[in-house]
Amino acid sequence: MNKAWYGATLALMLSGCTLPFPFPFNQQPEPEVELKVPNESTQLKAWLDLSDRVSDSNDQQRQQAVAALKNTPHAELKRAVWLSHPKASYSQRQQAQQLFQQHLAKVSTAERQLLSLYQSYNQEMLQQQRQLADRQQQINNLTQKLKELASIDQQINDRKFQE
């Protein structure tokens, strides 16, 4: 019987077939390790939810939210989103821009693409605020010159009236 058994096993091995039972006999299946990596769509949804809260907030709510962001995941990028609100001041926008530049490379590609839109929007708003400040300065200069011209005109009229 042993010769027949060895012969059958050898024939199966030579023919490329597998044994009808697992080999080695005491091998146990490896336990599956489940990694808890946040789903990319979940992360993007969280950023969009934050965006909704930011756009619906008033100045006081934004200040409170920025103060509450200590030691949270992606805190600096969240702070940048809060500071890039459409009604944010120029200095807040500059701070947001610096935060975007420093921390944007640390997130996933999808998050980087989404937050790059916020960074571009913020950059555009900074540029518009600079242009507005320049134009306001020009207006102030022209108003001052008009006042000076009006004063000179008044002096000329006073002299004509006195003569």
# chains A, B, ... in the order shown; residues from 1 in each chain; ligands from 1

call {"tool": "residues_around", "arguments": {"residues": "Ser57 of chain A", "least_positions_apart": "5", "cutoff": "12 Å", "atoms": "only C-alpha atoms", "output": "list in words"}}
result
Leu50, Ser51, Asp52, Arg62, Gln63, Gln64, Ala65, Val66, Trp82, Leu83, His85, Pro86, Lys87 and Ala88 of chain A

call {"tool": "residues_around", "arguments": {"residues": "Ala96 of chain A", "least_positions_apart": "2", "cutoff": "8 Å", "atoms": "only C-alpha atoms", "output": "list in words"}}
result
Arg79, Ala80, Val81, Leu83, Ser84, Gln92, Arg93, Gln94, Gln98, Leu99, Phe100 and Asn122 of chain A

call {"tool": "write_last_selection", "arguments": {"atoms": "N, CA and C atoms", "output": "JSON list (two decimals), in the first residue's frame"}}
result
[["chain", "number", "residue", "atom", "x", "y", "z"],
["A", 79, "ARG", "N", -7.60, 76.72, 9.29],
["A", 79, "ARG", "CA", -7.46, 78.13, 9.66],
["A", 79, "ARG", "C", -7.36, 78.98, 8.38],
["A", 80, "ALA", "N", -6.63, 78.49, 7.40],
["A", 80, "ALA", "CA", -6.49, 79.23, 6.13],
["A", 80, "ALA", "C", -7.84, 79.38, 5.43],
["A", 81, "VAL", "N", -8.65, 78.32, 5.46],
["A", 81, "VAL", "CA", -9.99, 78.40, 4.84],
["A", 81, "VAL", "C", -10.84, 79.42, 5.59],
["A", 83, "LEU", "N", -9.78, 81.98, 7.28],
["A", 83, "LEU", "CA", -9.23, 83.32, 7.07],
["A", 83, "LEU", "C", -9.40, 83.82, 5.64],
["A", 84, "SER", "N", -9.82, 82.96, 4.74],
["A", 84, "SER", "CA", -10.00, 83.39, 3.34],
["A", 84, "SER", "C", -11.46, 83.65, 3.00],
["A", 92, "GLN", "N", -5.83, 89.22, 7.13],
["A", 92, "GLN", "CA", -6.29, 87.85, 7.29],
["A", 92, "GLN", "C", -6.04, 87.05, 6.01],
["A", 93, "ARG", "N", -6.29, 87.68, 4.88],
["A", 93, "ARG", "CA", -6.05, 87.01, 3.60],
["A", 93, "ARG", "C", -4.57, 86.70, 3.40],
["A", 94, "GLN", "N", -3.71, 87.64, 3.79],
["A", 94, "GLN", "CA", -2.28, 87.39, 3.66],
["A", 94, "GLN", "C", -1.86, 86.22, 4.55],
["A", 98, "GLN", "N", -0.24, 82.55, 3.34],
["A", 98, "GLN", "CA", 0.98, 81.95, 3.88],
["A", 98, "GLN", "C", 0.72, 80.54, 4.40],
["A", 99, "LEU", "N", -0.41, 80.35, 5.07],
["A", 99, "LEU", "CA", -0.76, 79.03, 5.58],
["A", 99, "LEU", "C", -0.98, 78.04, 4.45],
["A", 100, "PHE", "N", -1.65, 78.47, 3.38],
["A", 100, "PHE", "CA", -1.84, 77.60, 2.22],
["A", 100, "PHE", "C", -0.49, 77.19, 1.65],
["A", 122, "ASN", "N", -8.30, 83.16, -2.93],
["A", 122, "ASN", "CA", -7.74, 84.08, -1.95],
["A", 122, "ASN", "C", -6.71, 85.00, -2.59]]

call {"tool": "residues_around", "arguments": {"residues": "Gln127 of chain A", "least_positions_apart": "4", "cutoff": "12 Å", "atoms": "only C-alpha atoms", "output": "list in words"}}
result
Tyr90, Arg93, Gln94, Gln97, Ser120, Tyr121, Asn122, Gln123, Gln131, Leu132, Ala133 and Asp134 of chain A

call {"tool": "closest_residue", "arguments": {"among": "A:Ser91, A:Gln154, A:Gln113, A:Gln102", "to": "Gln129 of chain A", "atoms": "only C-alpha atoms"}}
result
A:Ser91

call {"tool": "atom_distance", "arguments": {"atom1": "atom CA of Ser116 of chain A", "atom2": "atom CA of Trp47 of chain A"}}
result
12.2 Å
